[in-house]
Amino acid sequence: MYRYTDIDQRMIEARVAQFRDQTRRFLAGELSEEQFRPLRLMNGLYIQRHAPMLRISIPYGLLASRQLRKLAEIARRYDKGYGHFTTRQNIQFNWPRLEDVPDILAELATVQMHAIQTSGNCIRNVTSDHLAGVAADEVEDPRPYCEIIRQWACFHPEFSYLPRKFKIAVSGTEPNDRAAVKIHDIGLYLVRNEAGEVGFKVLVGGGLGRTPILAETVREFLPKADLLSYLEAILRVYNLYGRRDNIFKARIKILVNALGVDRFREQVEDEWSKMDRAALRLDPERIAHFRSFFAPPAHERDAPPLDPALLEADRNFALWYRHNTVAHKVPGYRAVFVSLKGYGRTPGDMTADEMDAVADLADRYSFGELRVTHTQNLLLADVREADLYALFKALDALGLACANIGTLTDMICCPGLDYCALANASSISIAKQIQAKFDELDYLYDLGEIRLNMSGCINACGHHHVGHIGILGVDKKGEEVYQIQVGGASSHDASLGRILGRAVPKAEVADAVGRILEVYLRERRDGERFIDTCRRLGSEPFKQAVYGAVESAA
Amino acid sequence: MSRLIKDRRPVAEDPWHSLGADEPPPEPERAVIVPAERFEAERALWLARPGSLGVRIGPHCGLEPVLDVLDRLALIAIEFPTFRDGRGYSYARLLRERHRFQGELRAVGDVLRDQLFFMARCGFDAFELAPGQDVEAALAAFEDFPYTYQPAADGPATAWAR
């Protein structure tokens with residue numbers, strides 16, 4: 001992973017000093033709440049329901065074991081002993097005290113971590129594929145470009161007071177997009193052109209929230225060398241022409257929609273043609289420099305394959321192997337999910353003790369590195385097949401080996417009403433209701449690949465629009481009720497789900513999901529995934545199953 | 001004492017007179033900053049004056065009113081109606097980097113200490129701080145960060161120079 005230079009280290013230390021002074025001035029009354037607000041947000045600090053919430057940046061999801069241990073230490077010392085991993089590969093702490101935040105940031109800086117631009121109307125943490133560098137399907141490893149973008153975006157003087165937040169995602173593969181690229185303000189796919197050169201396909205204007213829109217292609221092929229100048233052209237057009245009069249219409253998706261993608265493209269290309277591109281050009285040496293940080297770890301040559309007898313001997317191991325590990329491009333290795341979605345768990349949450357234990361496992365089995373996935377699990381990316389059984393036993397003892405990755409209960413879930421000041425309804429309790437109803441692994445395996453996403457409000461942090469099944473909590477005259485939709489997807493074939501009908505009461509959500517699943521089990525054709533059945537049938541049969549034939553006809 | 005910072009130093013007295021929309025023009029030799037709308041309506045009049053001329057640009061009007069007279073202007077003031085409105089940063093970079101404006105580039109309006117570092121990087125060299133801002137204390141903001149990660153009006157990224 002990227003290693004900080006002295007310059008990087010001094011920059012985050014300068015940021016800590018700056019924020020310490022800003023906090024001091026706020027507490028002394030020299031900065032108003034309105035003046036302090038964007039400053040604290042640009043350091044990841046929200047004022048939430050019970051306490052401030054601090055969102056710490058995990059650039060494109062990469063984490064060293066010593067960093068995870070530091071997060072554990074912070075969870076114990078400044079929080080209530082746990083943290084919450086997010087869909088943007090970051091971690092949130094829900095209980096720090098405002099006065100402590102400068103000290104927390106100083107602690108983080110000792111392990112090259114920070115909370116820079118994890119919130120606010122600026123360029124946010126760049127996200128990527130959790131299987132970057134591991135999956136055989138990628139055109140190229142996206143991480144060097146993520147780091148290049150991270151540095152360019154860091155303290156960008158022109159783009160720190162944008163109309164609204166700005167999210168960028170990069171994927172090394174378009175057909176197997178695992179980074180939900182199309183729901184980002186800018187999405188980048190590494191692609192190969194007809195001449196065989198590698199560059200970027202550039203998409204703009206995706207986003208969820210109250211106006212969900214999938215990103216549109218602005219450029220089919222952008223040479224690598226021009227990555228930053230093109231991003232700068234897009235951001236400049238947005239900074240100058242994005243709406244600032246209405247917070248709900250301020251994202252770049254609204255600008256792209258208002259202009260139409262063709263006119264938007266013209267504006268970007270016009271700006272780009274006038275820019276001093278040379279100043280931002282990435283020459284091959286610079287790219288090689290950043291790529292050098294992401295060279296594969298020292299994989300053992302001719303690492304032995306897994307002993308198949310172990311799969312025969314231990315059914316739980318066999319299920320875990322099948323569902324929670326994935327192929328690695330290096331023979332004799334697998335990438336291993338650490339499931340944060342076991343029964344009774346709050347999806348994405350992890351205790352300090354678990355963090356310490358998993359950090360040890362990363363040191364022992366995966367070169368001391370971990371990744372946070374967009375689906376709120378962790379991943380050990382480089383595990384020898386010969387070590388899988390021992391790792392399984394260790395994770396199982398920690399309760400982190402629930403073999404449900406990619407199944408219904410591997411839900412994406414926001415913190416909801418339990419923590420978030422924006423939420424209208426609880427999401428964690430619904431997750432637990434669903435876990436309780438669907439606790440039979442064999443039933444989950446029979447259902448196959450299903451993405452269930454849940455948000456506690458219209459801001460859609462739980463990405464409900466792009467869940468195969470999406471659940472949205474809403475407030476109806478003081479009662480928490482839930483809208484259900486089907487047919488969403490966030491990959492290359494991204495689509496927005498369709499709402500089935502009126503919101504259902506809190507106690508009936510899992511039952512409604514059950515009726516949707518019954519339709520699938522009845523109607524599916526051989527090997528057809530849930531999402532494909534949805535696409536073939538449309539939403540009507542699901543609607544009838546949830547509400548009955550009479551009402552849906554009305 | 002003014003609330004003006006120029007070239008990272010406090011300015012005791014602002015040599016420029018900032019003209020209101022309906023205010024009568026000052027004596028001909030006096031350096032004056034004219035609102036963009038008024039400048040557009042009375043261009044010939046203002047360009048004929050012997051005194052130094054500046055134009056004040058709001059975030060909505062953009063750079064159009066000044067682009068063809070940049071060599072006649074000794075100052076451009078860019079207004080920040082609120083510090084959260086970041087359009088002025090782009091205007092400043094465009095003026096400095098694309099249009100090579102050499103005169104004084106002054107940030108006016110809701111100009112606060114915590115935005116000075118970024119404003120300076122975008123090419124502003126003068127800052128009329130908002131009421132209540134401590135000018136002496138604000139000077140420290142120019143030293144907030146020791147390096148830069150991206151090229152801007154102040155030159156190439158210093159963190160890249162390895």
# chains A, B, ... in the order shown; residues from 1 in each chain; ligands from 1
>>> select_by_dssp(residues="range 13-139 of chain B", states="strand (DSSP E)", output="list in words")
His17, Ser18, Val32, Ile33, Val34, Pro35, Leu53, Gly54, Val55, Arg56, Ile57, Leu75, Ile76, Ala77, Ile78, Glu79, Phe80, Glu104, Leu105, Arg106, Ala107, Val108, Gly109, Ala126, Phe127 and Glu128 of chain B
>>> interface_residues(of="chain A", to="chain B", cutoff="7 Å", atoms="only C-alpha atoms", output="list in words")
Ile7, Met11, Ala14, Gln18, Gln151, Trp152, Cys154, His156, Pro157, Glu158, Tyr161, Leu162, Arg236, Asn239, Leu240 and Ala279 of chain A
>>> residues_around(residues="range 477-492 of chain A", least_positions_apart="5", cutoff="6 Å", atoms="only C-alpha atoms", output="PyMOL selection string")
chain A and resi 175+177+180+425+465-472+497-500+503-506+531+534
>>> atom_distance(atom1="CA of Glu285 in chain A", atom2="CA of Lys201 in chain A")
22.1 Å
>>> residues_around(residues="range 307-310 of chain A", least_positions_apart="6", cutoff="12 Å", atoms="only C-alpha atoms", output="list of chain:residue names")
A:Asn316, A:Phe317, A:Ala318, A:Leu319, A:Trp320, A:Tyr321, A:Gly332, A:Arg384, A:Glu385, A:Ala386, A:Asp387, A:Leu388, A:Tyr389, A:Ala390, A:Phe392
>>> closest_residue(among="A:Pro96, A:Phe159, A:Leu400, A:Ser57", to="Arg76 in chain A", atoms="only C-alpha atoms")
A:Pro96
>>> atom_distance(atom1="CA of Gln9 in chain A", atom2="CA of Ile58 in chain A")
15.8 Å
>>> closest_residue(among="A:Leu408, A:Leu398, A:Val338, A:Val126", to="Ala436 in chain A", atoms="only C-alpha atoms")
A:Leu408
>>> select_by_dssp(residues="range 9-90 of chain B", states="helix (DSSP H, G or I)", output="NGL selection string")
:B and (36-41 or 43-48 or 67-72 or 87-90)
>>> residues_around(residues="range 410-415 of chain A", least_positions_apart="4", cutoff="7 Å", atoms="only C-alpha atoms", output="PDB file with N, CA, C and O atoms, in the first residue's frame")
ATOM      1  N   LYS A 341     -21.493  -9.591   9.195  1.00  0.00           N
ATOM      2  CA  LYS A 341     -22.947  -9.682   9.021  1.00  0.00           C
ATOM      3  C   LYS A 341     -23.529 -10.923   9.695  1.00  0.00           C
ATOM      4  O   LYS A 341     -24.587 -11.381   9.315  1.00  0.00           O
ATOM      5  N   PRO A 347     -24.943  -4.768  11.135  1.00  0.00           N
ATOM      6  CA  PRO A 347     -24.135  -4.866   9.911  1.00  0.00           C
ATOM      7  C   PRO A 347     -23.062  -3.768   9.835  1.00  0.00           C
ATOM      8  O   PRO A 347     -23.358  -2.587   9.994  1.00  0.00           O
ATOM      9  N   THR A 375     -19.428  -3.304   0.696  1.00  0.00           N
ATOM     10  CA  THR A 375     -20.577  -3.950   1.325  1.00  0.00           C
ATOM     11  C   THR A 375     -20.396  -4.106   2.836  1.00  0.00           C
ATOM     12  O   THR A 375     -21.083  -4.901   3.478  1.00  0.00           O
ATOM     13  N   GLN A 376     -19.470  -3.350   3.417  1.00  0.00           N
ATOM     14  CA  GLN A 376     -19.295  -3.276   4.878  1.00  0.00           C
ATOM     15  C   GLN A 376     -18.795  -4.569   5.520  1.00  0.00           C
ATOM     16  O   GLN A 376     -19.198  -4.919   6.622  1.00  0.00           O
ATOM     17  N   ASN A 404     -22.057 -16.184   4.926  1.00  0.00           N
ATOM     18  CA  ASN A 404     -23.217 -15.575   4.262  1.00  0.00           C
ATOM     19  C   ASN A 404     -22.841 -14.473   3.273  1.00  0.00           C
ATOM     20  O   ASN A 404     -23.702 -13.702   2.858  1.00  0.00           O
ATOM     21  N   ILE A 405     -21.561 -14.406   2.886  1.00  0.00           N
ATOM     22  CA  ILE A 405     -21.173 -13.335   1.951  1.00  0.00           C
ATOM     23  C   ILE A 405     -21.930 -13.490   0.622  1.00  0.00           C
ATOM     24  O   ILE A 405     -22.004 -14.583   0.074  1.00  0.00           O
ATOM     25  N   GLY A 406     -22.486 -12.392   0.166  1.00  0.00           N
ATOM     26  CA  GLY A 406     -23.222 -12.402  -1.101  1.00  0.00           C
ATOM     27  C   GLY A 406     -24.651 -12.907  -0.987  1.00  0.00           C
ATOM     28  O   GLY A 406     -25.398 -12.903  -1.964  1.00  0.00           O
ATOM     29  N   TYR A 419     -28.491   6.192  15.568  1.00  0.00           N
ATOM     30  CA  TYR A 419     -27.374   7.132  15.720  1.00  0.00           C
ATOM     31  C   TYR A 419     -27.560   8.418  14.936  1.00  0.00           C
ATOM     32  O   TYR A 419     -27.168   9.481  15.375  1.00  0.00           O
ATOM     33  N   CYS A 420     -28.109   8.283  13.738  1.00  0.00           N
ATOM     34  CA  CYS A 420     -27.999   9.370  12.776  1.00  0.00           C
ATOM     35  C   CYS A 420     -29.070  10.428  12.998  1.00  0.00           C
ATOM     36  O   CYS A 420     -30.243  10.104  13.166  1.00  0.00           O
ATOM     37  N   SER A 427     -32.769   1.338  11.060  1.00  0.00           N
ATOM     38  CA  SER A 427     -32.401   0.299  10.092  1.00  0.00           C
ATOM     39  C   SER A 427     -31.810  -0.917  10.782  1.00  0.00           C
ATOM     40  O   SER A 427     -31.993  -2.035  10.327  1.00  0.00           O
ATOM     41  N   ILE A 428     -31.085  -0.692  11.886  1.00  0.00           N
ATOM     42  CA  ILE A 428     -30.414  -1.816  12.542  1.00  0.00           C
ATOM     43  C   ILE A 428     -31.439  -2.836  13.049  1.00  0.00           C
ATOM     44  O   ILE A 428     -31.261  -4.045  12.890  1.00  0.00           O
ATOM     45  N   ARG A 451     -28.625  -9.043  -3.165  1.00  0.00           N
ATOM     46  CA  ARG A 451     -28.145  -7.865  -2.439  1.00  0.00           C
ATOM     47  C   ARG A 451     -29.330  -7.160  -1.815  1.00  0.00           C
ATOM     48  O   ARG A 451     -30.240  -6.710  -2.520  1.00  0.00           O
ATOM     49  N   LEU A 452     -29.360  -7.113  -0.492  1.00  0.00           N
ATOM     50  CA  LEU A 452     -30.417  -6.398   0.216  1.00  0.00           C
ATOM     51  C   LEU A 452     -29.797  -5.148   0.839  1.00  0.00           C
ATOM     52  O   LEU A 452     -28.856  -5.245   1.625  1.00  0.00           O
ATOM     53  N   ASN A 453     -30.296  -3.992   0.448  1.00  0.00           N
ATOM     54  CA  ASN A 453     -29.742  -2.724   0.944  1.00  0.00           C
ATOM     55  C   ASN A 453     -30.817  -1.943   1.686  1.00  0.00           C
ATOM     56  O   ASN A 453     -31.958  -1.854   1.222  1.00  0.00           O
ATOM     57  N   MET A 454     -30.400  -1.314   2.763  1.00  0.00           N
ATOM     58  CA  MET A 454     -31.392  -0.675   3.627  1.00  0.00           C
ATOM     59  C   MET A 454     -30.915   0.693   4.107  1.00  0.00           C
ATOM     60  O   MET A 454     -29.804   0.832   4.602  1.00  0.00           O
ATOM     61  N   SER A 455     -31.777   1.689   3.961  1.00  0.00           N
ATOM     62  CA  SER A 455     -31.455   3.040   4.427  1.00  0.00           C
ATOM     63  C   SER A 455     -32.529   3.511   5.396  1.00  0.00           C
ATOM     64  O   SER A 455     -33.708   3.229   5.200  1.00  0.00           O
ATOM     65  N   GLY A 456     -32.109   4.279   6.385  1.00  0.00           N
ATOM     66  CA  GLY A 456     -33.052   4.807   7.372  1.00  0.00           C
ATOM     67  C   GLY A 456     -33.643   6.151   6.989  1.00  0.00           C
ATOM     68  O   GLY A 456     -34.424   6.726   7.749  1.00  0.00           O
ATOM     69  N   CYS A 461     -27.852   6.437   2.439  1.00  0.00           N
ATOM     70  CA  CYS A 461     -26.507   5.960   2.766  1.00  0.00           C
ATOM     71  C   CYS A 461     -26.429   4.437   2.655  1.00  0.00           C
ATOM     72  O   CYS A 461     -25.363   3.877   2.448  1.00  0.00           O
ATOM     73  N   GLY A 462     -27.576   3.755   2.827  1.00  0.00           N
ATOM     74  CA  GLY A 462     -27.605   2.302   2.718  1.00  0.00           C
ATOM     75  C   GLY A 462     -27.883   1.827   1.290  1.00  0.00           C
ATOM     76  O   GLY A 462     -28.114   0.640   1.070  1.00  0.00           O
TER      77      GLY A 462
END
>>> residues_around(residues="Pro284 in chain A", least_positions_apart="3", cutoff="8 Å", atoms="only C-alpha atoms", output="short mmCIF file (atom, residue, chain, number, x, y, z; two decimals) with C-alpha atoms, in the first residue's frame")
data_model
loop_
_atom_site.label_atom_id
_atom_site.label_comp_id
_atom_site.auth_asym_id
_atom_site.auth_seq_id
_atom_site.Cartn_x
_atom_site.Cartn_y
_atom_site.Cartn_z
CA ALA A 225 -1.68 10.96 -18.65
CA ILE A 287 2.57 6.62 -12.76
CA ALA A 288 5.35 4.05 -12.29
#
